[in-house]
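A short worksheet on the structure shown next.
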Amino acid sequence: MLCFQRLDGRQTYDYRSIRISFGTDYGCCVVELGKTRVLGQVSCELVSPKLNRATEGILFFNLELSQMAAPAFEPGRQSDLLVKLNRLLERCLRNSKCIDTESLCVVAGEKVWQIRVDLHLLNHDGNIIDAASIAAIVALCHFRRPDVSVQGDEVTLYTPEERDPVPLSIHHMPICVSFAFFQQGTFLLVDPSEREERVMDGLLVIAVNKHREICTIQSSGGIMLLNEQVLRCSKIAGVKVAEITELIQKALENDQKVRKEGGKFGFAESIAKQRITAFRMEKAPVDTSDVEEKAEEVLAAADPPPDIGEGVENSWGDLEDSEKEDEDEGGSDEAIILDGVRTDVGMEVSNTGSQEAPIVLSDSEEEETIILEPDKNPKKIRTQTISAKQEKAPSTTPVKKRRKKRTAN
């Protein structure tokens, strides 16, 4: 900043690039101020007027800061920043009488149009109020309300197919311009980014139209500004607002021209093609003249398929070599585990299970049971389940043989 160069390469009075895109419906737009993005949507409704203003319509503005824009924003809670931004928008657009509210009256004292402007912050990269004011005025200029007719006490509302919608009566377009001050007003920046807003000492917001009429002005941060500084900021704001107003008018004319010609419009058409975010690609011609020749070459170079019926010998149920060796060596040491009877091998398994509980999986008549232990290699123990008829047989004989072997030892 001391060398008159900002972090993003701009000069002190430079604005970031502004991009405006419209949706398929009237009154829907997205404004991009650098990386700050705001979605604007305008809706209308027939309601009863206020008692003290029976012949004027109602304007309502609502700005929402979601966590999608920045993680610092809390959902479901109105922060001080949100309240300040909403009040500033109302003073800029409603109190400046930029919209003819008397033209919104249908029946005096009974029916008037209520225009609601909803603004959603999609991405936060600084200077929310400027982007929100541009999005609000663009959405209002682009909006069309349904046409109505009054016959006696009956109010008839026409669809867009029956009658063309009616645009709002807008006198002028006030736009906010923000100025950031550093070192107690020594340095001045236009359109501060999010990083610059963190370290600024004060902020001055001036709402001006293209006729250089100041609609509202607000200073925050607690710094003292001189008259010369405020006048210089107002002149800079007048120049910037004239450029932004011209950009808005060109965008509205281009959209209206595309809609009249029957061309494609909407957010999908505004996205640049040949990118990952593109919704569609242009059709490219494909040459299919030599497809058959290439297919024959590929088939000739490939290996011929085997004849039907030829295959590998079925090895289902055969034991592996290691299993056969275990069966031959440990055939005499296999233990038959019966319900209610403990053998030597069974005692060894129960002892190891007390330390680290093993997992024994067995659901067939004869299979390998693997005992999983954390520190030792898994042991293979062949178990055999006995049918219900064999369980009834006396089991004293194998027990007696074991006892004889022990006494012999």
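We label chains A, B, ... in the order they appear in the structure tokens, count residues from 1 in each chain, and number ligands from 1 in the order shown.
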
task = Pick out the residues sitting within 6 Å of Val38 (chain A), and hand them over as a ChimeraX atom specification; count only C-alpha atoms, and ignore anything fewer than 4 positions along from it in its own chain.
result = /A:30-31,120-122

Preceding selection exported with C-alpha atoms as a compact mmCIF listing (two decimals), in the first residue's frame:
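Result written to result-v3.txt:
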# COMPACT_ATOMS: atom_id res chain seq x y z
CA VAL A 30 -26.32 -13.10 -9.87
CA VAL A 31 -23.78 -10.31 -9.42
CA HIS A 120 -28.33 -14.33 -0.65
CA LEU A 121 -24.58 -14.04 -0.22
CA LEU A 122 -23.04 -17.00 -2.07

task = Tell me which protein, DNA and RNA residues are within 12 Å of Leu226 (chain A), counting only C-alpha atoms, leaving out same-chain ones fewer than 6 positions away, and put them as a list in words.
result = Gln184, Gly185, Thr186, Arg232 and Cys233 of chain A

Selection from above, N, CA, C and O atoms, as an mmCIF file, in the first residue's frame, can you write it?
data_model
loop_
_atom_site.group_PDB
_atom_site.id
_atom_site.type_symbol
_atom_site.label_atom_id
_atom_site.label_comp_id
_atom_site.auth_asym_id
_atom_site.auth_seq_id
_atom_site.Cartn_x
_atom_site.Cartn_y
_atom_site.Cartn_z
ATOM 1 N N GLN A 184 -5.647 6.028 10.401
ATOM 2 C CA GLN A 184 -6.446 7.174 10.791
ATOM 3 C C GLN A 184 -6.752 8.114 9.612
ATOM 4 O O GLN A 184 -6.671 9.330 9.727
ATOM 5 N N GLY A 185 -7.082 7.515 8.482
ATOM 6 C CA GLY A 185 -7.496 8.309 7.328
ATOM 7 C C GLY A 185 -6.381 8.757 6.415
ATOM 8 O O GLY A 185 -6.621 9.522 5.474
ATOM 9 N N THR A 186 -5.147 8.313 6.679
ATOM 10 C CA THR A 186 -4.032 8.734 5.824
ATOM 11 C C THR A 186 -4.120 8.109 4.441
ATOM 12 O O THR A 186 -3.851 8.763 3.424
ATOM 13 N N ARG A 232 -13.927 14.373 -1.546
ATOM 14 C CA ARG A 232 -13.156 13.603 -2.520
ATOM 15 C C ARG A 232 -13.764 12.221 -2.733
ATOM 16 O O ARG A 232 -13.853 11.740 -3.869
ATOM 17 N N CYS A 233 -14.222 11.608 -1.653
ATOM 18 C CA CYS A 233 -14.858 10.292 -1.775
ATOM 19 C C CYS A 233 -16.166 10.373 -2.563
ATOM 20 O O CYS A 233 -16.486 9.484 -3.357
#

query = Which of region 69-178 of chain A counts as strand (DSSP E or B) under DSSP, as a PyMOL selection string please?
reply = chain A and resi 99+105-107+111-123+144-145+148-151+154-157+166-167+170+175-178

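Proximity of A:Leu46, A:Leu39, A:Leu81, A:Ile236 to Ser220 (chain A), computed with only C-alpha atoms, is greatest for A:Leu81.
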
message = With DSSP run on the backbone, what are the alpha helix (DSSP H) residues within region 85-293 of chain A? I'd like them as a PyMOL selection string.
response = chain A and resi 85-89+128-142+194-199+227-261+267-270+291-293

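The shortest atom-to-atom distance to Gln67 (chain A), with only C-alpha atoms taken into account, belongs to A:Asn123 out of A:Asn227, A:Asn123, A:Thr216, A:Ser149.
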
Pick from A:Pro304, A:Gly40, A:Gly23, A:Gly34, whichever lies nearest to Leu140 (chain A) using only C-alpha atoms =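 Closest to Leu140 (chain A), using only C-alpha atoms: A:Gly40.
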
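For the choices A:Leu89, A:Val83, A:Val107, A:Leu7, the atom-to-atom distance to Thr156 (chain A) is smallest for A:Val107 when using only C-alpha atoms.
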
query = Any idea what the distance is between CA of Ala108 (chain A) and CA of Cys28 (chain A)?
reply =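 Spanning CA of Ala108 (chain A) to CA of Cys28 (chain A) is a straight-line distance of 29.1 Å.
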
Using only C-alpha atoms: which of A:Gly152, A:Pro71, A:Gly126, A:Gly27 has the shortest distance to Arg195 (chain A) = A:Gly126

ask   = Quick one: of A:Val258, A:Val286, A:Leu85, A:Leu33, who's nearest to Pro192 (chain A), counting only C-alpha atoms?
value = A:Leu33

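Between CA of Asn86 (chain A) and CA of Glu246 (chain A) the separation is 25.5 Å.
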
message = List the spatial neighbours of Leu204 (chain A) as a PyMOL selection string - criterion: any atom at most 10 Å away, only C-alpha atoms, same-chain residues fewer than 3 positions off excluded.
response = chain A and resi 177-181+190+217-221+223+225+230+233

I need the chosen residues saved as an mmCIF file, in the first residue's frame, with all heavy atoms.
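And here's part-v2.cif as it stands now:
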data_model
loop_
_atom_site.group_PDB
_atom_site.id
_atom_site.type_symbol
_atom_site.label_atom_id
_atom_site.label_comp_id
_atom_site.auth_asym_id
_atom_site.auth_seq_id
_atom_site.Cartn_x
_atom_site.Cartn_y
_atom_site.Cartn_z
ATOM 1 N N VAL A 177 -20.981 2.707 -2.807
ATOM 2 C CA VAL A 177 -19.540 2.632 -3.051
ATOM 3 C C VAL A 177 -18.843 2.724 -1.702
ATOM 4 O O VAL A 177 -19.094 3.663 -0.933
ATOM 5 C CB VAL A 177 -19.058 3.745 -3.997
ATOM 6 C CG1 VAL A 177 -17.553 3.646 -4.216
ATOM 7 C CG2 VAL A 177 -19.798 3.683 -5.322
ATOM 8 N N SER A 178 -17.970 1.753 -1.413
ATOM 9 C CA SER A 178 -17.315 1.669 -0.105
ATOM 10 C C SER A 178 -15.872 2.154 -0.206
ATOM 11 O O SER A 178 -15.167 1.874 -1.183
ATOM 12 C CB SER A 178 -17.340 0.226 0.420
ATOM 13 O OG SER A 178 -18.672 -0.211 0.592
ATOM 14 N N PHE A 179 -15.436 2.864 0.850
ATOM 15 C CA PHE A 179 -14.071 3.377 0.955
ATOM 16 C C PHE A 179 -13.498 2.899 2.289
ATOM 17 O O PHE A 179 -14.128 3.086 3.339
ATOM 18 C CB PHE A 179 -14.042 4.911 0.893
ATOM 19 C CG PHE A 179 -14.605 5.478 -0.385
ATOM 20 C CD1 PHE A 179 -15.958 5.753 -0.482
ATOM 21 C CD2 PHE A 179 -13.781 5.724 -1.464
ATOM 22 C CE1 PHE A 179 -16.481 6.291 -1.641
ATOM 23 C CE2 PHE A 179 -14.295 6.249 -2.633
ATOM 24 C CZ PHE A 179 -15.648 6.527 -2.731
ATOM 25 N N ALA A 180 -12.309 2.302 2.240
ATOM 26 C CA ALA A 180 -11.619 1.837 3.440
ATOM 27 C C ALA A 180 -10.481 2.794 3.771
ATOM 28 O O ALA A 180 -9.727 3.214 2.872
ATOM 29 C CB ALA A 180 -11.084 0.424 3.242
ATOM 30 N N PHE A 181 -10.354 3.144 5.062
ATOM 31 C CA PHE A 181 -9.324 4.076 5.517
ATOM 32 C C PHE A 181 -8.332 3.326 6.406
ATOM 33 O O PHE A 181 -8.712 2.455 7.207
ATOM 34 C CB PHE A 181 -9.952 5.236 6.304
ATOM 35 C CG PHE A 181 -10.793 6.142 5.454
ATOM 36 C CD1 PHE A 181 -12.162 5.940 5.340
ATOM 37 C CD2 PHE A 181 -10.213 7.198 4.771
ATOM 38 C CE1 PHE A 181 -12.930 6.772 4.559
ATOM 39 C CE2 PHE A 181 -10.976 8.039 3.991
ATOM 40 C CZ PHE A 181 -12.349 7.823 3.877
ATOM 41 N N VAL A 190 -10.577 2.060 -2.483
ATOM 42 C CA VAL A 190 -11.926 1.841 -2.999
ATOM 43 C C VAL A 190 -12.156 0.344 -3.166
ATOM 44 O O VAL A 190 -11.249 -0.381 -3.597
ATOM 45 C CB VAL A 190 -12.122 2.572 -4.342
ATOM 46 C CG1 VAL A 190 -13.505 2.319 -4.908
ATOM 47 C CG2 VAL A 190 -11.879 4.060 -4.173
ATOM 48 N N ILE A 217 -25.347 8.152 3.222
ATOM 49 C CA ILE A 217 -23.930 8.106 3.566
ATOM 50 C C ILE A 217 -23.803 7.562 4.983
ATOM 51 O O ILE A 217 -24.613 7.894 5.853
ATOM 52 C CB ILE A 217 -23.275 9.502 3.446
ATOM 53 C CG1 ILE A 217 -21.768 9.411 3.702
ATOM 54 C CG2 ILE A 217 -23.937 10.513 4.350
ATOM 55 C CD1 ILE A 217 -21.033 10.685 3.346
ATOM 56 N N GLN A 218 -22.818 6.710 5.194
ATOM 57 C CA GLN A 218 -22.635 6.090 6.510
ATOM 58 C C GLN A 218 -21.150 5.884 6.752
ATOM 59 O O GLN A 218 -20.428 5.382 5.880
ATOM 60 C CB GLN A 218 -23.364 4.742 6.595
ATOM 61 C CG GLN A 218 -23.125 4.003 7.912
ATOM 62 C CD GLN A 218 -23.941 2.731 8.008
ATOM 63 O OE1 GLN A 218 -25.137 2.738 7.741
ATOM 64 N NE2 GLN A 218 -23.301 1.638 8.378
ATOM 65 N N SER A 219 -20.708 6.245 7.948
ATOM 66 C CA SER A 219 -19.318 6.074 8.360
ATOM 67 C C SER A 219 -19.279 5.171 9.584
ATOM 68 O O SER A 219 -20.097 5.322 10.511
ATOM 69 C CB SER A 219 -18.671 7.424 8.674
ATOM 70 O OG SER A 219 -17.360 7.247 9.155
ATOM 71 N N SER A 220 -18.349 4.246 9.611
ATOM 72 C CA SER A 220 -18.194 3.320 10.736
ATOM 73 C C SER A 220 -16.710 3.125 11.006
ATOM 74 O O SER A 220 -15.872 3.310 10.123
ATOM 75 C CB SER A 220 -18.851 1.975 10.435
ATOM 76 O OG SER A 220 -18.280 1.380 9.293
ATOM 77 N N GLY A 221 -16.400 2.769 12.221
ATOM 78 C CA GLY A 221 -15.020 2.527 12.607
ATOM 79 C C GLY A 221 -14.488 3.515 13.618
ATOM 80 O O GLY A 221 -13.439 3.272 14.219
ATOM 81 N N ILE A 223 -13.385 6.682 13.150
ATOM 82 C CA ILE A 223 -12.308 7.588 12.746
ATOM 83 C C ILE A 223 -12.906 8.955 12.390
ATOM 84 O O ILE A 223 -14.067 9.059 11.995
ATOM 85 C CB ILE A 223 -11.520 7.022 11.549
ATOM 86 C CG1 ILE A 223 -12.454 6.835 10.336
ATOM 87 C CG2 ILE A 223 -10.846 5.724 11.896
ATOM 88 C CD1 ILE A 223 -11.712 6.455 9.092
ATOM 89 N N LEU A 225 -13.092 12.069 9.987
ATOM 90 C CA LEU A 225 -12.822 12.416 8.599
ATOM 91 C C LEU A 225 -13.006 13.914 8.393
ATOM 92 O O LEU A 225 -13.913 14.531 8.973
ATOM 93 C CB LEU A 225 -13.763 11.648 7.664
ATOM 94 C CG LEU A 225 -13.641 10.122 7.677
ATOM 95 C CD1 LEU A 225 -14.687 9.499 6.767
ATOM 96 C CD2 LEU A 225 -12.245 9.680 7.272
ATOM 97 N N VAL A 230 -14.318 13.659 2.663
ATOM 98 C CA VAL A 230 -15.670 13.223 2.302
ATOM 99 C C VAL A 230 -16.026 13.707 0.903
ATOM 100 O O VAL A 230 -16.627 12.972 0.098
ATOM 101 C CB VAL A 230 -16.682 13.732 3.349
ATOM 102 C CG1 VAL A 230 -18.102 13.355 2.934
ATOM 103 C CG2 VAL A 230 -16.368 13.162 4.723
ATOM 104 N N CYS A 233 -14.222 11.608 -1.653
ATOM 105 C CA CYS A 233 -14.858 10.292 -1.775
ATOM 106 C C CYS A 233 -16.166 10.373 -2.563
ATOM 107 O O CYS A 233 -16.486 9.484 -3.357
ATOM 108 C CB CYS A 233 -15.115 9.706 -0.384
ATOM 109 S SG CYS A 233 -13.630 9.256 0.526
#
